[in-house]
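**Student:** So that we are looking at the same thing, I have put the structure below in structure tokens.
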Amino acid sequence: MDRVAFTIFGIDVMWYGVLIATGMLIGIALAVREAKRVGISEDDVLNIAIIAIPVAIICARLYYVIFSWDYYSQNPGEIFNIRGGGLAIHGGLIGGILTGFIYAKVKKLDFFKTADAVMVGMPLAQAIGRWGNFINGEAHGGPTSLPWGIMVDGVKVHPTFLYESIWDFGIFLFIMFYMRKKKTYEGEVIVSYITLYSIGRFFIEGLRTDSLMFGPIRMAQFVSLVGVVGGLILHFYLKNRAKKNKAA
């Protein structure tokens with residue numbers, strides 16, 4: 001499939017960027033709507049988005065480059081070429097969450113309440129963005145005989161981008177139609193997102209052929225394990241804190 005969505009003023013605009021931008025815009029719109037529902041300033045949500053998006057993109061690229069250094073050390077001119085792909089979602093998440101945390105501290109906001117609103121649309125944005133990997137012919141798995149396999153370079157392989165897109169969309173539905181209304185403590189939405197996404201990514205990553213590695217370790221699987229453990233710890237901590245505050 002042609003990677004170029006359209007050309008403007010002689011510059012090719014890639015589908016990869018179009019899909020990521022579309023996901024971000026939808027995510028922001030959902031976050032603003034959720035902020036209004038729970039009594040958070042819409043301006044604060046927009047400010048976080050304006051700051052966090054470029055930081056997340058930089059961190060996503062930096063993460064990818066660091067763990068692909070064998071290639072980029074030999075091709076330094078490619079480090080800033082993100083139009084052809086090469087953004088690691090874990091790097092973006094780390095950068096975005098840290099930005100939100102710092103903003104909340106500076107503005108004296110409840111970080112977890114704010115994060116719950118901001119993260120409502122995140123899994124949907126990811127589900128949309130993953131299709132950019134399909135167009136770029138990346139983020140696929142190894143050979144398979146399953147009927148839903150896709151052809152890449154003449155070989156039928158696991159469409160791992162699709163597996164993750166479906167998983168992310170499922171997380172979005174769970175958060176959107178259940179968790180955000182039934183949560184028992186502030187922070188339960190972002191904790192649920194981190195935990196559920198990490199579980200799915202750990203298993204999906206095991207099928208991929210283009211994993212970022214640190215020695216023999218698949219970095220996405222390692223970070224996913226940290227996400228599951230951290231998510232569970234945060235769950236029990238925040239839930240107990242909410243009970244104590246309620247009792248007091």
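Each chain of the structure tokens is named A, B, ... in the order shown, its residues numbered from 1; ligands are numbered from 1 in display order.
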May I have the residues within 9 Å of Lys239 (chain A) as a list in words, using only C-alpha atoms and disregarding those fewer than 5 positions away in the same chain?
**Tutor:**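 Those residues are Thr184, Tyr185, Glu186, Glu188, Leu234 and Lys244 of chain A.
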**Student:** Would you mind exporting C-alpha atoms of the selected residues as a PDB file, in the first residue's frame?
**Tutor:**
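Resulting contents of part_14.pdb:
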```pdb
ATOM      1  CA  THR A 184     -14.075   3.401  43.232  1.00  0.00           C
ATOM      2  CA  TYR A 185     -11.068   5.722  43.532  1.00  0.00           C
ATOM      3  CA  GLU A 186      -9.320   8.496  41.621  1.00  0.00           C
ATOM      4  CA  GLU A 188      -8.587   3.742  38.643  1.00  0.00           C
ATOM      5  CA  LEU A 234      -0.973   1.332  42.468  1.00  0.00           C
ATOM      6  CA  LYS A 244      -8.973   5.535  54.654  1.00  0.00           C
TER       7      LYS A 244
END
```
**Student:** Please provide as a list in words all residues within 9 Å of Val55 (chain A), with the sequence filter that same-chain residues fewer than 6 positions apart are discarded (counting only C-alpha atoms).
**Tutor:** Gly92, Gly95, Gly96 and Thr99 of chain A
**Student:** Deliver the residues from the most recent selection as a file, using C-alpha atoms, as a compact mmCIF listing (two decimals), in the first residue's frame.
**Tutor:**
```txt
# COMPACT_ATOMS: atom_id res chain seq x y z
CA GLY A 92 5.64 8.15 24.34
CA GLY A 95 7.02 11.10 28.35
CA GLY A 96 3.33 11.95 28.30
CA THR A 99 4.53 15.71 31.57
```
**Student:** Counting only C-alpha atoms, which residues in region 4-87 of chain A sit no more than 12 Å from region 106-109 of chain A? For each one, give the nearest pair of atoms and the distance in Å, sorted by chain then residue number, as a tab-separated table.
**Tutor:**
```
residue	atom	partner	partner_atom	distance
A:Gly39	CA	A:Leu109	CA	12.0
A:Ile40	CA	A:Leu109	CA	9.2
A:Ser41	CA	A:Leu109	CA	10.0
A:Asp43	CA	A:Lys107	CA	11.9
A:Asp44	CA	A:Lys107	CA	8.8
A:Val45	CA	A:Leu109	CA	11.1
A:Asn47	CA	A:Lys107	CA	11.0
A:Ile48	CA	A:Lys107	CA	10.9
```
**Student:** Output N, CA and C atoms of each residue in that selection to a file, as a PDB file, in the first residue's frame.
**Tutor:**
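Contents of out13.pdb, as written:
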```
ATOM      1  N   GLY A  39     -15.838  17.798  36.169  1.00  0.00           N
ATOM      2  CA  GLY A  39     -15.541  19.063  36.823  1.00  0.00           C
ATOM      3  C   GLY A  39     -14.088  19.490  36.805  1.00  0.00           C
ATOM      4  N   ILE A  40     -13.363  19.088  35.773  1.00  0.00           N
ATOM      5  CA  ILE A  40     -11.968  19.512  35.606  1.00  0.00           C
ATOM      6  C   ILE A  40     -11.923  20.594  34.532  1.00  0.00           C
ATOM      7  N   SER A  41     -11.045  21.560  34.719  1.00  0.00           N
ATOM      8  CA  SER A  41     -10.918  22.643  33.740  1.00  0.00           C
ATOM      9  C   SER A  41     -10.528  22.091  32.373  1.00  0.00           C
ATOM     10  N   ASP A  43      -9.421  23.849  30.021  1.00  0.00           N
ATOM     11  CA  ASP A  43      -8.170  24.518  29.659  1.00  0.00           C
ATOM     12  C   ASP A  43      -6.956  23.730  30.143  1.00  0.00           C
ATOM     13  N   ASP A  44      -7.067  23.154  31.345  1.00  0.00           N
ATOM     14  CA  ASP A  44      -5.951  22.362  31.875  1.00  0.00           C
ATOM     15  C   ASP A  44      -5.708  21.123  31.013  1.00  0.00           C
ATOM     16  N   VAL A  45      -6.785  20.482  30.581  1.00  0.00           N
ATOM     17  CA  VAL A  45      -6.652  19.297  29.723  1.00  0.00           C
ATOM     18  C   VAL A  45      -6.001  19.679  28.397  1.00  0.00           C
ATOM     19  N   ASN A  47      -4.082  22.295  27.839  1.00  0.00           N
ATOM     20  CA  ASN A  47      -2.693  22.676  28.103  1.00  0.00           C
ATOM     21  C   ASN A  47      -1.797  21.448  28.228  1.00  0.00           C
ATOM     22  N   ILE A  48      -2.301  20.435  28.941  1.00  0.00           N
ATOM     23  CA  ILE A  48      -1.535  19.192  29.085  1.00  0.00           C
ATOM     24  C   ILE A  48      -1.292  18.571  27.714  1.00  0.00           C
TER      25      ILE A  48
END
```
**Student:** Would you please work out which residue, of A:Gly230, A:Gly10, A:Gly27, A:Gly100, is nearest to Gly129 (chain A) when using only C-alpha atoms?
**Tutor:**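 Smallest separation from Gly129 (chain A) among the options: A:Gly27.
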**Student:** Sorted by chain and rising residue number, which residues of region 180-236 of chain A lie within 9 Å of region 65-82 of chain A, and what are their closest atom pairs and distances in Å to one decimal, counting only C-alpha atoms, as a Markdown table?
**Tutor:**
```
| residue | atom | partner | partner_atom | distance |
| --- | --- | --- | --- | --- |
| A:Leu212 | CA | A:Phe67 | CA | 5.7 |
| A:Met213 | CA | A:Phe67 | CA | 6.3 |
| A:Phe214 | CA | A:Phe67 | CA | 6.8 |
| A:Met219 | CA | A:Phe67 | CA | 8.3 |
```
**Student:** Set the distance at 8 Å and use only C-alpha atoms: which residues neighbour Thr209 (chain A) once local chain neighbours fewer than 6 positions away are removed? I'd like the list as a PyMOL selection string.
**Tutor:** chain A and resi 139-142
**Student:** Store the residues picked out above in a file with C-alpha atoms, as a PDB file, in the first residue's frame.
**Tutor:**
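Final output, part36.pdb:
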```pdb
ATOM      1  CA  ALA A 139       4.999  -4.317  13.576  1.00  0.00           C
ATOM      2  CA  HIS A 140       3.958  -7.716  12.205  1.00  0.00           C
ATOM      3  CA  GLY A 141       4.664 -11.163  13.569  1.00  0.00           C
ATOM      4  CA  GLY A 142       6.281 -14.314  12.316  1.00  0.00           C
TER       5      GLY A 142
END
```
**Student:** Give me the region 80-174 of chain A side of the contact with region 58-64 of chain A, cut-off 7 Å, one line per residue showing its nearest atom pair and distance in Å at one decimal, counting only C-alpha atoms, sorted by chain and residue number, as a Markdown table.
**Tutor:**
```
| residue | atom | partner | partner_atom | distance |
| --- | --- | --- | --- | --- |
| A:Gly86 | CA | A:Tyr64 | CA | 6.2 |
| A:Leu87 | CA | A:Arg61 | CA | 4.8 |
| A:Ala88 | CA | A:Ala60 | CA | 4.7 |
| A:Ile89 | CA | A:Ala60 | CA | 5.9 |
| A:His90 | CA | A:Ala60 | CA | 6.8 |
| A:Gly91 | CA | A:Ala60 | CA | 4.1 |
| A:Gly92 | CA | A:Ala60 | CA | 4.2 |
| A:Gly95 | CA | A:Cys59 | CA | 5.6 |
```
**Student:** Would you export the selected residues with N, CA and C atoms as a compact mmCIF listing (two decimals), in the first residue's frame, please?
**Tutor:**
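After the write, again.txt holds the following:
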```
# COMPACT_ATOMS: atom_id res chain seq x y z
N GLY A 86 8.94 4.46 13.28
CA GLY A 86 9.99 4.44 14.28
C GLY A 86 9.66 5.23 15.53
N LEU A 87 8.43 5.07 16.03
CA LEU A 87 8.02 5.67 17.30
C LEU A 87 7.61 4.54 18.24
N ALA A 88 8.22 4.50 19.41
CA ALA A 88 7.91 3.44 20.38
C ALA A 88 6.88 3.95 21.38
N ILE A 89 5.74 3.30 21.44
CA ILE A 89 4.64 3.77 22.27
C ILE A 89 5.02 3.84 23.74
N HIS A 90 5.87 2.94 24.21
CA HIS A 90 6.26 2.99 25.62
C HIS A 90 7.02 4.27 25.94
N GLY A 91 7.89 4.68 25.05
CA GLY A 91 8.59 5.94 25.24
C GLY A 91 7.63 7.11 25.28
N GLY A 92 6.64 7.10 24.38
CA GLY A 92 5.64 8.15 24.34
C GLY A 92 4.80 8.20 25.60
N GLY A 95 6.89 9.65 28.50
CA GLY A 95 7.02 11.10 28.35
C GLY A 95 5.73 11.84 28.63
```
**Student:** Taking only region 6-248 of chain A into account, list the residues labelled strand (DSSP E or B) by DSSP (computed from the backbone), as a list in words.
**Tutor:**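 Residues meeting the strand (DSSP E or B) criterion: Phe6, Thr7, Ile8, Ile11, Asp12, Val13, Met14, Gly141, Pro143, Ile150, Met151, Val152, Val155, Lys156, Val157, Arg208, Met213, Phe214, Ile217 and Arg218 of chain A.
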**Student:** Could the residues in this selection be written to a file with N, CA, C and O atoms, as an mmCIF file, in the first residue's frame?
**Tutor:**
```cif
data_model
loop_
_atom_site.group_PDB
_atom_site.id
_atom_site.type_symbol
_atom_site.label_atom_id
_atom_site.label_comp_id
_atom_site.auth_asym_id
_atom_site.auth_seq_id
_atom_site.Cartn_x
_atom_site.Cartn_y
_atom_site.Cartn_z
ATOM 1 N N PHE A 6 -1.250 12.036 0.850
ATOM 2 C CA PHE A 6 -1.418 13.105 -0.125
ATOM 3 C C PHE A 6 -0.159 13.972 -0.129
ATOM 4 O O PHE A 6 0.707 13.839 0.740
ATOM 5 N N THR A 7 -0.074 14.824 -1.111
ATOM 6 C CA THR A 7 1.078 15.722 -1.238
ATOM 7 C C THR A 7 0.598 17.160 -1.206
ATOM 8 O O THR A 7 -0.377 17.508 -1.874
ATOM 9 N N ILE A 8 1.267 17.989 -0.406
ATOM 10 C CA ILE A 8 0.899 19.389 -0.316
ATOM 11 C C ILE A 8 2.154 20.249 -0.408
ATOM 12 O O ILE A 8 3.127 20.015 0.309
ATOM 13 N N ILE A 11 5.348 18.384 -0.598
ATOM 14 C CA ILE A 11 5.761 17.571 0.554
ATOM 15 C C ILE A 11 4.795 16.405 0.710
ATOM 16 O O ILE A 11 3.576 16.600 0.785
ATOM 17 N N ASP A 12 5.336 15.193 0.742
ATOM 18 C CA ASP A 12 4.506 14.004 0.934
ATOM 19 C C ASP A 12 4.065 13.896 2.398
ATOM 20 O O ASP A 12 4.891 13.973 3.314
ATOM 21 N N VAL A 13 2.772 13.750 2.587
ATOM 22 C CA VAL A 13 2.225 13.536 3.928
ATOM 23 C C VAL A 13 1.890 12.056 4.048
ATOM 24 O O VAL A 13 1.102 11.520 3.264
ATOM 25 N N MET A 14 2.508 11.378 5.011
ATOM 26 C CA MET A 14 2.383 9.933 5.144
ATOM 27 C C MET A 14 1.116 9.529 5.906
ATOM 28 O O MET A 14 0.693 10.208 6.840
ATOM 29 N N GLY A 141 4.065 -10.016 12.904
ATOM 30 C CA GLY A 141 4.664 -11.163 13.569
ATOM 31 C C GLY A 141 5.339 -12.112 12.598
ATOM 32 O O GLY A 141 5.571 -11.785 11.433
ATOM 33 N N PRO A 143 5.766 -16.084 10.732
ATOM 34 C CA PRO A 143 4.904 -16.862 9.832
ATOM 35 C C PRO A 143 3.755 -17.544 10.556
ATOM 36 O O PRO A 143 3.881 -17.970 11.705
ATOM 37 N N ILE A 150 -1.557 -12.018 7.169
ATOM 38 C CA ILE A 150 -1.383 -11.073 6.063
ATOM 39 C C ILE A 150 -0.082 -11.398 5.330
ATOM 40 O O ILE A 150 0.840 -11.983 5.902
ATOM 41 N N MET A 151 -0.011 -11.025 4.066
ATOM 42 C CA MET A 151 1.175 -11.300 3.271
ATOM 43 C C MET A 151 2.165 -10.143 3.380
ATOM 44 O O MET A 151 1.819 -8.991 3.133
ATOM 45 N N VAL A 152 3.390 -10.462 3.781
ATOM 46 C CA VAL A 152 4.473 -9.479 3.841
ATOM 47 C C VAL A 152 5.690 -10.111 3.170
ATOM 48 O O VAL A 152 6.179 -11.160 3.616
ATOM 49 N N VAL A 155 5.366 -13.782 2.433
ATOM 50 C CA VAL A 155 5.184 -14.718 3.551
ATOM 51 C C VAL A 155 3.924 -14.334 4.329
ATOM 52 O O VAL A 155 3.691 -13.156 4.606
ATOM 53 N N LYS A 156 3.126 -15.336 4.697
ATOM 54 C CA LYS A 156 1.931 -15.085 5.492
ATOM 55 C C LYS A 156 2.322 -14.987 6.960
ATOM 56 O O LYS A 156 2.898 -15.927 7.517
ATOM 57 N N VAL A 157 2.042 -13.832 7.585
ATOM 58 C CA VAL A 157 2.511 -13.590 8.950
ATOM 59 C C VAL A 157 1.365 -13.130 9.853
ATOM 60 O O VAL A 157 0.296 -12.732 9.385
ATOM 61 N N ARG A 208 6.010 -10.788 17.680
ATOM 62 C CA ARG A 208 6.597 -9.845 16.721
ATOM 63 C C ARG A 208 8.022 -10.231 16.332
ATOM 64 O O ARG A 208 8.742 -10.885 17.094
ATOM 65 N N MET A 213 15.314 -4.602 21.291
ATOM 66 C CA MET A 213 15.975 -5.529 22.207
ATOM 67 C C MET A 213 17.005 -4.827 23.075
ATOM 68 O O MET A 213 17.617 -3.831 22.686
ATOM 69 N N PHE A 214 17.194 -5.372 24.275
ATOM 70 C CA PHE A 214 18.310 -4.996 25.135
ATOM 71 C C PHE A 214 19.006 -6.307 25.484
ATOM 72 O O PHE A 214 18.604 -7.013 26.396
ATOM 73 N N ILE A 217 16.715 -9.480 25.868
ATOM 74 C CA ILE A 217 15.431 -9.085 26.435
ATOM 75 C C ILE A 217 14.634 -8.239 25.442
ATOM 76 O O ILE A 217 15.149 -7.274 24.876
ATOM 77 N N ARG A 218 13.376 -8.621 25.233
ATOM 78 C CA ARG A 218 12.463 -7.782 24.454
ATOM 79 C C ARG A 218 12.014 -6.645 25.364
ATOM 80 O O ARG A 218 11.317 -6.874 26.357
#
```
**Student:** Where in region 18-200 of chain A does DSSP assign helix (DSSP H, G or I), given as JSON, numbers by chain?
**Tutor:** {"A": [18, 19, 20, 21, 22, 23, 24, 25, 26, 27, 28, 29, 30, 31, 32, 33, 34, 35, 36, 37, 38, 42, 43, 44, 45, 46, 47, 48, 49, 50, 51, 52, 53, 54, 55, 56, 57, 58, 59, 60, 61, 62, 63, 64, 65, 66, 69, 70, 71, 72, 76, 77, 78, 89, 90, 91, 92, 93, 94, 95, 96, 97, 98, 99, 100, 101, 102, 103, 104, 105, 106, 107, 111, 112, 113, 114, 115, 116, 117, 118, 119, 120, 121, 122, 123, 124, 125, 126, 127, 128, 129, 131, 132, 133, 134, 135, 136, 160, 161, 162, 163, 164, 165, 166, 167, 168, 169, 170, 171, 172, 173, 174, 175, 176, 177, 178, 179, 180, 181, 182, 188, 189, 190, 191, 192, 193, 194, 195, 196, 197, 198, 199, 200]}
**Student:** Return the single residue from A:Ile194, A:Leu93, A:Ala104, A:Met24 that is closest to Ala49 (chain A), with distances computed using only C-alpha atoms.
**Tutor:**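 For Ala49 (chain A), the nearest of the candidates is A:Met24.
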**Student:** Which one of A:Ile135, A:Ile50, A:Met1, A:Leu207 sits closest to Tyr16 (chain A) if you count only C-alpha atoms?
**Tutor:**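 Under the stated criterion, the closest residue is A:Ile135.
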